[in-house]
Amino acid sequence: MPNPTLPRAVDAIVIGGGHNGLVAAAYLARAKLSVAVLERRHLLGGAAVTEEIVPGFKFSRAAYVNSLFRPQIIRDLELKSHGFTMLPRNPSSFTPCADGRHLFLGPDSALNHREISKFSTRDAEALGSYEALLEKAARFAEPILEKAPPNLGEGSWIEKLESLKELASLGWGALKLGKDLPLVLELLTAPARKVLDRWFESEPLRGTLATDAIIGAMVSPSTPGSGYVLLHHVMGETDGARGVWGYVQGGMGMLAEAIGRAARKAGAQIFTGIAVSRVLVENGKARGCVLDDGTEIQARLVLSNADPRVTFLQLTPRESVTGDLVKRIESMDFSSAVTKINLALDRLPSFKALPGHDPSPQHRGTVHIVSTLEEIEAAYRDACAGRPSARPVIEMTLPTSLDPSLAPSGKHVASLFVQYTPYRLAEGSWDDPGRKDAFADRVFKVIEEFAPGFTRSVIARDILSPLDLERIFGLTGGNIFHGSMSLDQLFWLRPAPGWARYRTPVKGLYLCGSGAHPGGGVLGAPGRNAAMAAIEDTRR
Ligand SMILES: Cc1cc2nc3c(=O)[nH]c(=O)nc-3n(C[C@H](O)[C@H](O)[C@H](O)COP(=O)(O)OP(=O)(O)OC[C@H]3O[C@@H](n4cnc5c(N)ncnc54)[C@H](O)[C@@H]3O)c2cc1C
């Protein structure tokens, strides 16, 4: 869509048209504020985009599956009427094993029982109780996602009173867990491995479940707090079905497009190809933004969808970021673990464990390749030493098995989400000639063990190292969550103690992206919560 004419002044500027920036814009516009979204790239969505990198092949170039996006936002913004459609996946995962067996898991509990029984009848019996515990933990944690975290240390008396009320409701939620409370607290803080070891004995079940605890994070299942990452990934739903991940029809960018339509309908103006170079600050208050070409747009509210490093260390004048926030942001962990490989394929892979190139259940969900706990630990150890994993952990998705519109007839696209690949290598750099291709070849070689002929099916590849994720999507350090989702960077500590309620030391400047509570993933919650904070402040 062509850009409208840039306004000279609006009530609110949103820096960045990632999904959270768009959600914020939609809520602000619905509150009758005039809003301009300024996105630096040529398209909307940030890390939730659909891009046709190879002619005829459309890729969810970064994020590739959805479950976390908050149902309330879907309802409020009527996203279904704006073209947002989910394609649920059943089964949701397929794990081929080296010995020729395989494991399907999904929303069908009878299928799960049958499948896990092939490996352990004890585990098959235990899965129901394990999922029930996760469900309880998710029910406890979900309301937390939709509100600003309490802030007891600083702020006005009104804020402190509000924080006390929130703490009380948190306490009430915890009390309602009853005898499960200690187990839920353990889940939130423990290494995922400790939890999984107690519940289950068989691979590949343990390994398949463990990948939820490490996905996108520079942690292993043995890292304390990886249990929370596991929980974070089961907190969503697809069309009301809890914990079910699905594809967005047309790719992840269609979600961003739908939010964009809702925001425009409410009156927001959205601009692409417009980069903000700095936030204008006068007397400690936001006054608007200066664009890369020097143009100034006035606004009394500025919401930044850029990550905390970019927002506070690049876009905001250093002298106005008071207190110890600069130091806090400088020491925030942005380490990355991910390389994303998008592939155009001339046929679906045929797995040794379940052969066949025609779209079948094994192609619909996430294919877990290299997923025993020991293999994950070994892959992590490589990355700690500054080396891309010798035997990387690979999650493969083949969305064309459910959404043929993404590729020419009979052809397919594949997403490979690959860990672990450190941002800084002990030797050389990701920019060294041939380095990325050599890594992709290593990944293909591992896939060949499970799906012979895979490499020959690849028509084109788009390899995004952590450096590419930083350059293309603006993700500092290639961190897919705008900062690690570790316990010291969550809830009232995200992005920094005292600044978890979307407000910043600059009056009128808010953080509305994944670097704010409740963090990364395609959730929309930071965008909505930040907009609510800004609206509340304008009403006060
Ligand atoms: C490879 C990869 C795979 C992932 N897979 C999944 C997945 O399957 N499911 C899931 O739920 N999550 C996934 N994630 C995580 C999720 O995509 C992100 O956490 C989330 O999309 C971030 O959204 P956001 O709106 O907060 O920020 P972003 O999407 O990062 O958007 C920020 C926007 O701000 C723009 N911007 C920055 N600076 C400026 C400036 N100066 N001027 C103008 N614009 C600016 C950027 O261009 C960008 O568009 C993945 C992420 C990656 C990278």
# chains A, B, ... in the order shown; residues from 1 in each chain; ligands from 1
$ residues_around --residues "Ala306 in chain A" --least-positions-apart "5" --cutoff "7 Å" --atoms "only C-alpha atoms" --output "PDB file with N, CA and C atoms, in the first residue's frame"
ATOM      1  N   ILE A  15       7.164   3.975  16.804  1.00  0.00           N
ATOM      2  CA  ILE A  15       8.399   3.699  16.049  1.00  0.00           C
ATOM      3  C   ILE A  15       8.453   2.203  15.795  1.00  0.00           C
ATOM      4  N   GLY A  16       8.234   1.803  14.551  1.00  0.00           N
ATOM      5  CA  GLY A  16       8.314   0.385  14.200  1.00  0.00           C
ATOM      6  C   GLY A  16       6.942  -0.235  13.990  1.00  0.00           C
ATOM      7  N   THR A 311      16.193   1.358  21.505  1.00  0.00           N
ATOM      8  CA  THR A 311      15.383   2.468  22.022  1.00  0.00           C
ATOM      9  C   THR A 311      16.197   3.380  22.937  1.00  0.00           C
ATOM     10  N   GLY A 513       7.444  -2.996  22.629  1.00  0.00           N
ATOM     11  CA  GLY A 513       7.814  -4.235  21.940  1.00  0.00           C
ATOM     12  C   GLY A 513       8.148  -5.348  22.917  1.00  0.00           C
TER      13      GLY A 513
END
$ closest_atom_pairs --of "chain A" --to "ligand 1" --cutoff "6 Å" --atoms "only C-alpha atoms and all ligand atoms" --output "Markdown table"
| residue | atom | partner | partner_atom_place_in_ligand_line | distance |
| --- | --- | --- | --- | --- |
| A:Ile15 | CA | ligand 1 | 43 (C) | 5.0 |
| A:Gly16 | CA | ligand 1 | 34 (O) | 3.3 |
| A:Gly17 | CA | ligand 1 | 49 (O) | 4.8 |
| A:Gly18 | CA | ligand 1 | 31 (O) | 3.3 |
| A:His19 | CA | ligand 1 | 25 (O) | 4.1 |
| A:Asn20 | CA | ligand 1 | 25 (O) | 3.7 |
| A:Gly21 | CA | ligand 1 | 25 (O) | 5.6 |
| A:Leu38 | CA | ligand 1 | 43 (C) | 5.3 |
| A:Glu39 | CA | ligand 1 | 44 (N) | 3.9 |
| A:Arg40 | CA | ligand 1 | 43 (C) | 3.9 |
| A:Arg41 | CA | ligand 1 | 47 (O) | 5.3 |
| A:Gly45 | CA | ligand 1 | 49 (O) | 5.7 |
| A:Gly46 | CA | ligand 1 | 49 (O) | 3.1 |
| A:Ala47 | CA | ligand 1 | 29 (O) | 3.8 |
| A:Ala48 | CA | ligand 1 | 21 (O) | 4.9 |
| A:Ala62 | CA | ligand 1 | 1 (C) | 3.7 |
| A:Ala63 | CA | ligand 1 | 5 (N) | 3.1 |
| A:Tyr64 | CA | ligand 1 | 8 (O) | 3.9 |
| A:Val65 | CA | ligand 1 | 8 (O) | 3.9 |
| A:Asn66 | CA | ligand 1 | 9 (N) | 5.1 |
| A:Leu68 | CA | ligand 1 | 11 (O) | 5.8 |
| A:Ala275 | CA | ligand 1 | 42 (N) | 3.7 |
| A:Val276 | CA | ligand 1 | 42 (N) | 3.9 |
| A:Ser277 | CA | ligand 1 | 41 (N) | 5.5 |
| A:Asn305 | CA | ligand 1 | 32 (C) | 4.9 |
| A:Ala306 | CA | ligand 1 | 37 (C) | 4.2 |
| A:Lys340 | CA | ligand 1 | 1 (C) | 5.1 |
| A:Phe473 | CA | ligand 1 | 47 (O) | 5.3 |
| A:Gly474 | CA | ligand 1 | 46 (C) | 5.5 |
| A:Leu475 | CA | ligand 1 | 30 (O) | 6.0 |
| A:Ile480 | CA | ligand 1 | 53 (C) | 4.2 |
| A:Phe481 | CA | ligand 1 | 19 (O) | 4.0 |
| A:Gly513 | CA | ligand 1 | 26 (O) | 3.5 |
| A:Ser514 | CA | ligand 1 | 26 (O) | 3.7 |
| A:Gly520 | CA | ligand 1 | 19 (O) | 3.7 |
| A:Gly521 | CA | ligand 1 | 12 (N) | 3.5 |
| A:Val522 | CA | ligand 1 | 11 (O) | 3.8 |
$ residues_around --residues "Gly216 in chain A" --least-positions-apart "5" --cutoff "10 Å" --atoms "only C-alpha atoms" --output "PyMOL selection string"
chain A and resi 211+229+335-339+417-420+478-481+484-485+520-521
$ residues_around --residues "Thr397 in chain A" --least-positions-apart "3" --cutoff "8 Å" --atoms "only C-alpha atoms" --output "short mmCIF file (atom, residue, chain, number, x, y, z; two decimals) with N, CA and C atoms, in the first residue's frame"
data_model
loop_
_atom_site.label_atom_id
_atom_site.label_comp_id
_atom_site.auth_asym_id
_atom_site.auth_seq_id
_atom_site.Cartn_x
_atom_site.Cartn_y
_atom_site.Cartn_z
N HIS A 363 4.17 -34.39 7.79
CA HIS A 363 4.62 -33.10 7.24
C HIS A 363 3.91 -31.91 7.89
N ARG A 364 2.83 -32.17 8.62
CA ARG A 364 1.98 -31.06 9.08
C ARG A 364 2.54 -30.30 10.27
N GLY A 365 3.11 -31.04 11.21
CA GLY A 365 3.56 -30.39 12.45
C GLY A 365 5.03 -30.03 12.39
N THR A 366 5.59 -29.75 13.57
CA THR A 366 7.02 -29.46 13.65
C THR A 366 7.78 -30.78 13.64
N VAL A 367 8.74 -30.89 12.73
CA VAL A 367 9.56 -32.10 12.67
C VAL A 367 10.80 -31.84 13.53
N ALA A 414 10.05 -24.76 3.20
CA ALA A 414 10.42 -25.32 4.52
C ALA A 414 11.08 -24.23 5.34
N SER A 415 10.79 -24.26 6.66
CA SER A 415 11.48 -23.38 7.61
C SER A 415 12.36 -24.28 8.46
N LEU A 416 13.61 -23.94 8.60
CA LEU A 416 14.47 -24.66 9.54
C LEU A 416 14.90 -23.68 10.63
#
$ select_by_dssp --residues "range 214-460 of chain A" --states "strand (DSSP E or B)" --output "PyMOL selection string"
chain A and resi 237-238+241-242+246-248+269-271+276-282+285-291+296-298+301-304+338-345+351+354+366-369+393-397+412-419+458-460
$ residues_around --residues "range 185-187 of chain A" --least-positions-apart "5" --cutoff "10 Å" --atoms "only C-alpha atoms" --output "list in words"
Leu133, Leu134, Ala137, Ala174, Asp180, Ala192, Lys194, Val195, Leu196, Pro224, Gly225, Ser226, Gly227, Tyr228, Val229, Leu230 and Leu231 of chain A
$ residues_around --residues "range 23-26 of chain A" --least-positions-apart "6" --cutoff "6 Å" --atoms "only C-alpha atoms" --output "PyMOL selection string"
chain A and resi 263+527-528+531
$ closest_residue --among "A:Val244, A:Ala213, A:Ile259, A:Leu469" --to "Ala190 in chain A" --atoms "only C-alpha atoms"
A:Ala213
$ atom_distance --atom1 "CA of His357 in chain A" --atom2 "CA of Gly253 in chain A"
27.3 Å
$ residues_around --residues "Ala29 in chain A" --least-positions-apart "4" --cutoff "8 Å" --atoms "only C-alpha atoms" --output "list of chain:residue names"
A:Ala25, A:Leu33, A:Ser34, A:Val35, A:Ala263, A:Ala266, A:Gly267, A:Ala268
$ write_last_selection --atoms "N, CA and C atoms" --output "PDB file, in the first residue's frame"
ATOM      1  N   ALA A  25      -0.689   0.726  17.987  1.00  0.00           N
ATOM      2  CA  ALA A  25      -1.297   1.774  17.149  1.00  0.00           C
ATOM      3  C   ALA A  25      -2.810   1.585  17.077  1.00  0.00           C
ATOM      4  N   LEU A  33      -6.976   8.788  19.482  1.00  0.00           N
ATOM      5  CA  LEU A  33      -5.746   9.571  19.344  1.00  0.00           C
ATOM      6  C   LEU A  33      -5.302   9.493  17.885  1.00  0.00           C
ATOM      7  N   SER A  34      -4.713  10.574  17.369  1.00  0.00           N
ATOM      8  CA  SER A  34      -4.173  10.490  16.001  1.00  0.00           C
ATOM      9  C   SER A  34      -2.809   9.805  16.088  1.00  0.00           C
ATOM     10  N   VAL A  35      -2.595   8.829  15.203  1.00  0.00           N
ATOM     11  CA  VAL A  35      -1.422   7.953  15.343  1.00  0.00           C
ATOM     12  C   VAL A  35      -0.692   7.803  14.006  1.00  0.00           C
ATOM     13  N   ALA A 263      -5.841  -1.260  12.491  1.00  0.00           N
ATOM     14  CA  ALA A 263      -5.322   0.038  12.966  1.00  0.00           C
ATOM     15  C   ALA A 263      -5.741   1.153  11.999  1.00  0.00           C
ATOM     16  N   ALA A 266      -9.263   2.110  12.368  1.00  0.00           N
ATOM     17  CA  ALA A 266      -9.504   2.955  13.550  1.00  0.00           C
ATOM     18  C   ALA A 266      -8.930   4.360  13.347  1.00  0.00           C
ATOM     19  N   GLY A 267      -8.217   4.570  12.225  1.00  0.00           N
ATOM     20  CA  GLY A 267      -7.741   5.930  11.920  1.00  0.00           C
ATOM     21  C   GLY A 267      -6.228   6.100  11.935  1.00  0.00           C
ATOM     22  N   ALA A 268      -5.480   5.032  12.269  1.00  0.00           N
ATOM     23  CA  ALA A 268      -4.013   5.182  12.308  1.00  0.00           C
ATOM     24  C   ALA A 268      -3.468   5.333  10.886  1.00  0.00           C
TER      25      ALA A 268
END
$ closest_residue --among "A:Asp324, A:Asp239, A:Asp11, A:Glu201" --to "Gln298 in chain A" --atoms "only C-alpha atoms"
A:Asp11
$ atom_distance --atom1 "CA of Pro433 in chain A" --atom2 "CA of Thr421 in chain A"
16.8 Å
$ select_by_dssp --residues "range 90-285 of chain A" --states "alpha helix (DSSP H)" --output "number ranges by chain"
A: 109-117, 121-145, 157-176, 181-189, 192-199, 205-214, 226-232, 253-265
$ atom_distance --atom1 "CA of Leu77 in chain A" --atom2 "CA of Ala525 in chain A"
13.1 Å
$ closest_atom_pairs --of "range 45-81 of chain A" --to "range 449-466 of chain A" --cutoff "12 Å" --atoms "only C-alpha atoms" --output "tab-separated table"
residue	atom	partner	partner_atom	distance
A:Glu51	CA	A:Asp462	CA	11.0
A:Glu52	CA	A:Asp462	CA	10.9
A:Ile53	CA	A:Asp462	CA	7.8
A:Val54	CA	A:Ala460	CA	7.2
A:Pro55	CA	A:Ala460	CA	10.2
A:Gly56	CA	A:Ala460	CA	11.6
A:Phe57	CA	A:Ala460	CA	9.7
A:Lys58	CA	A:Asp462	CA	11.8
A:Phe59	CA	A:Asp462	CA	9.7
A:Ser60	CA	A:Asp462	CA	11.5
A:Arg61	CA	A:Asp462	CA	8.7
A:Ala62	CA	A:Leu464	CA	8.7
$ write_last_selection --atoms "N, CA and C atoms" --output "compact mmCIF listing (two decimals), in the first residue's frame"
# COMPACT_ATOMS: atom_id res chain seq x y z
N GLU A 51 7.55 -13.05 3.32
CA GLU A 51 8.34 -12.44 2.25
C GLU A 51 8.53 -13.42 1.11
N GLU A 52 8.37 -12.90 -0.11
CA GLU A 52 8.57 -13.75 -1.29
C GLU A 52 10.03 -13.60 -1.72
N ILE A 53 10.90 -14.34 -1.07
CA ILE A 53 12.34 -14.15 -1.33
C ILE A 53 12.73 -14.85 -2.63
N VAL A 54 12.08 -15.96 -2.90
CA VAL A 54 12.30 -16.69 -4.16
C VAL A 54 10.99 -16.52 -4.94
N PRO A 55 11.06 -16.08 -6.22
CA PRO A 55 9.81 -15.81 -6.95
C PRO A 55 8.84 -17.00 -6.85
N GLY A 56 7.63 -16.69 -6.42
CA GLY A 56 6.58 -17.72 -6.32
C GLY A 56 6.53 -18.42 -4.97
N PHE A 57 7.59 -18.26 -4.14
CA PHE A 57 7.65 -18.96 -2.85
C PHE A 57 7.54 -17.92 -1.72
N LYS A 58 6.52 -18.08 -0.87
CA LYS A 58 6.33 -17.10 0.21
C LYS A 58 6.76 -17.72 1.54
N PHE A 59 7.61 -17.00 2.24
CA PHE A 59 8.18 -17.54 3.48
C PHE A 59 7.75 -16.72 4.69
N SER A 60 7.42 -17.42 5.78
CA SER A 60 7.37 -16.76 7.08
C SER A 60 8.84 -16.63 7.45
N ARG A 61 9.43 -15.51 7.06
CA ARG A 61 10.90 -15.46 6.99
C ARG A 61 11.57 -15.58 8.35
N ALA A 62 10.93 -15.05 9.39
CA ALA A 62 11.49 -15.21 10.75
C ALA A 62 10.53 -16.09 11.55
$ closest_atom_pairs --of "range 369-418 of chain A" --to "range 91-108 of chain A" --cutoff "9 Å" --atoms "only C-alpha atoms" --output "tab-separated table"
residue	atom	partner	partner_atom	distance
A:Ile369	CA	A:Thr95	CA	6.6
A:Val370	CA	A:Cys97	CA	8.4
A:Ser371	CA	A:Thr95	CA	8.0
$ write_last_selection --atoms "C-alpha atoms" --output "PDB file, in the first residue's frame"
ATOM      1  CA  ILE A 369      15.456 -33.547  14.163  1.00  0.00           C
ATOM      2  CA  VAL A 370      18.238 -34.263  16.661  1.00  0.00           C
ATOM      3  CA  SER A 371      16.276 -34.030  19.830  1.00  0.00           C
TER       4      SER A 371
END
$ decode --residues "range 455-473 of chain A" --atoms "N, CA and C atoms" --output "mmCIF file, in the first residue's frame"
data_model
loop_
_atom_site.group_PDB
_atom_site.id
_atom_site.type_symbol
_atom_site.label_atom_id
_atom_site.label_comp_id
_atom_site.auth_asym_id
_atom_site.auth_seq_id
_atom_site.Cartn_x
_atom_site.Cartn_y
_atom_site.Cartn_z
ATOM 1 N N THR A 455 18.514 -32.963 0.409
ATOM 2 C CA THR A 455 19.353 -31.900 -0.157
ATOM 3 C C THR A 455 19.031 -31.680 -1.635
ATOM 4 N N ARG A 456 18.769 -32.797 -2.350
ATOM 5 C CA ARG A 456 18.466 -32.668 -3.793
ATOM 6 C C ARG A 456 17.134 -31.950 -4.036
ATOM 7 N N SER A 457 16.275 -31.914 -3.029
ATOM 8 C CA SER A 457 14.968 -31.280 -3.231
ATOM 9 C C SER A 457 15.019 -29.761 -3.041
ATOM 10 N N VAL A 458 16.186 -29.258 -2.603
ATOM 11 C CA VAL A 458 16.277 -27.818 -2.312
ATOM 12 C C VAL A 458 16.503 -27.026 -3.596
ATOM 13 N N ILE A 459 15.563 -26.109 -3.883
ATOM 14 C CA ILE A 459 15.683 -25.267 -5.088
ATOM 15 C C ILE A 459 16.432 -23.977 -4.750
ATOM 16 N N ALA A 460 16.163 -23.408 -3.577
ATOM 17 C CA ALA A 460 16.825 -22.146 -3.187
ATOM 18 C C ALA A 460 16.861 -22.059 -1.669
ATOM 19 N N ARG A 461 17.852 -21.336 -1.147
ATOM 20 C CA ARG A 461 18.003 -21.208 0.315
ATOM 21 C C ARG A 461 18.217 -19.747 0.723
ATOM 22 N N ASP A 462 17.687 -19.423 1.880
ATOM 23 C CA ASP A 462 17.836 -18.083 2.483
ATOM 24 C C ASP A 462 18.330 -18.359 3.904
ATOM 25 N N ILE A 463 19.614 -18.098 4.130
ATOM 26 C CA ILE A 463 20.212 -18.470 5.427
ATOM 27 C C ILE A 463 20.396 -17.204 6.259
ATOM 28 N N LEU A 464 19.760 -17.164 7.422
ATOM 29 C CA LEU A 464 19.815 -15.967 8.264
ATOM 30 C C LEU A 464 20.564 -16.285 9.552
ATOM 31 N N SER A 465 21.824 -15.879 9.584
ATOM 32 C CA SER A 465 22.635 -16.063 10.801
ATOM 33 C C SER A 465 22.172 -15.034 11.836
ATOM 34 N N PRO A 466 22.659 -15.130 13.085
ATOM 35 C CA PRO A 466 22.308 -14.091 14.060
ATOM 36 C C PRO A 466 22.655 -12.681 13.565
ATOM 37 N N LEU A 467 23.761 -12.560 12.801
ATOM 38 C CA LEU A 467 24.120 -11.228 12.262
ATOM 39 C C LEU A 467 23.060 -10.744 11.290
ATOM 40 N N ASP A 468 22.546 -11.665 10.468
ATOM 41 C CA ASP A 468 21.494 -11.272 9.507
ATOM 42 C C ASP A 468 20.210 -10.889 10.231
ATOM 43 N N LEU A 469 19.885 -11.639 11.289
ATOM 44 C CA LEU A 469 18.656 -11.316 12.042
ATOM 45 C C LEU A 469 18.771 -9.903 12.622
ATOM 46 N N GLU A 470 19.986 -9.541 13.028
ATOM 47 C CA GLU A 470 20.191 -8.192 13.566
ATOM 48 C C GLU A 470 20.059 -7.153 12.458
ATOM 49 N N ARG A 471 20.707 -7.421 11.319
ATOM 50 C CA ARG A 471 20.716 -6.407 10.255
ATOM 51 C C ARG A 471 19.346 -6.251 9.605
ATOM 52 N N ILE A 472 18.702 -7.386 9.322
ATOM 53 C CA ILE A 472 17.447 -7.303 8.561
ATOM 54 C C ILE A 472 16.290 -6.864 9.456
ATOM 55 N N PHE A 473 16.190 -7.490 10.623
ATOM 56 C CA PHE A 473 15.006 -7.242 11.462
ATOM 57 C C PHE A 473 15.276 -6.242 12.595
#
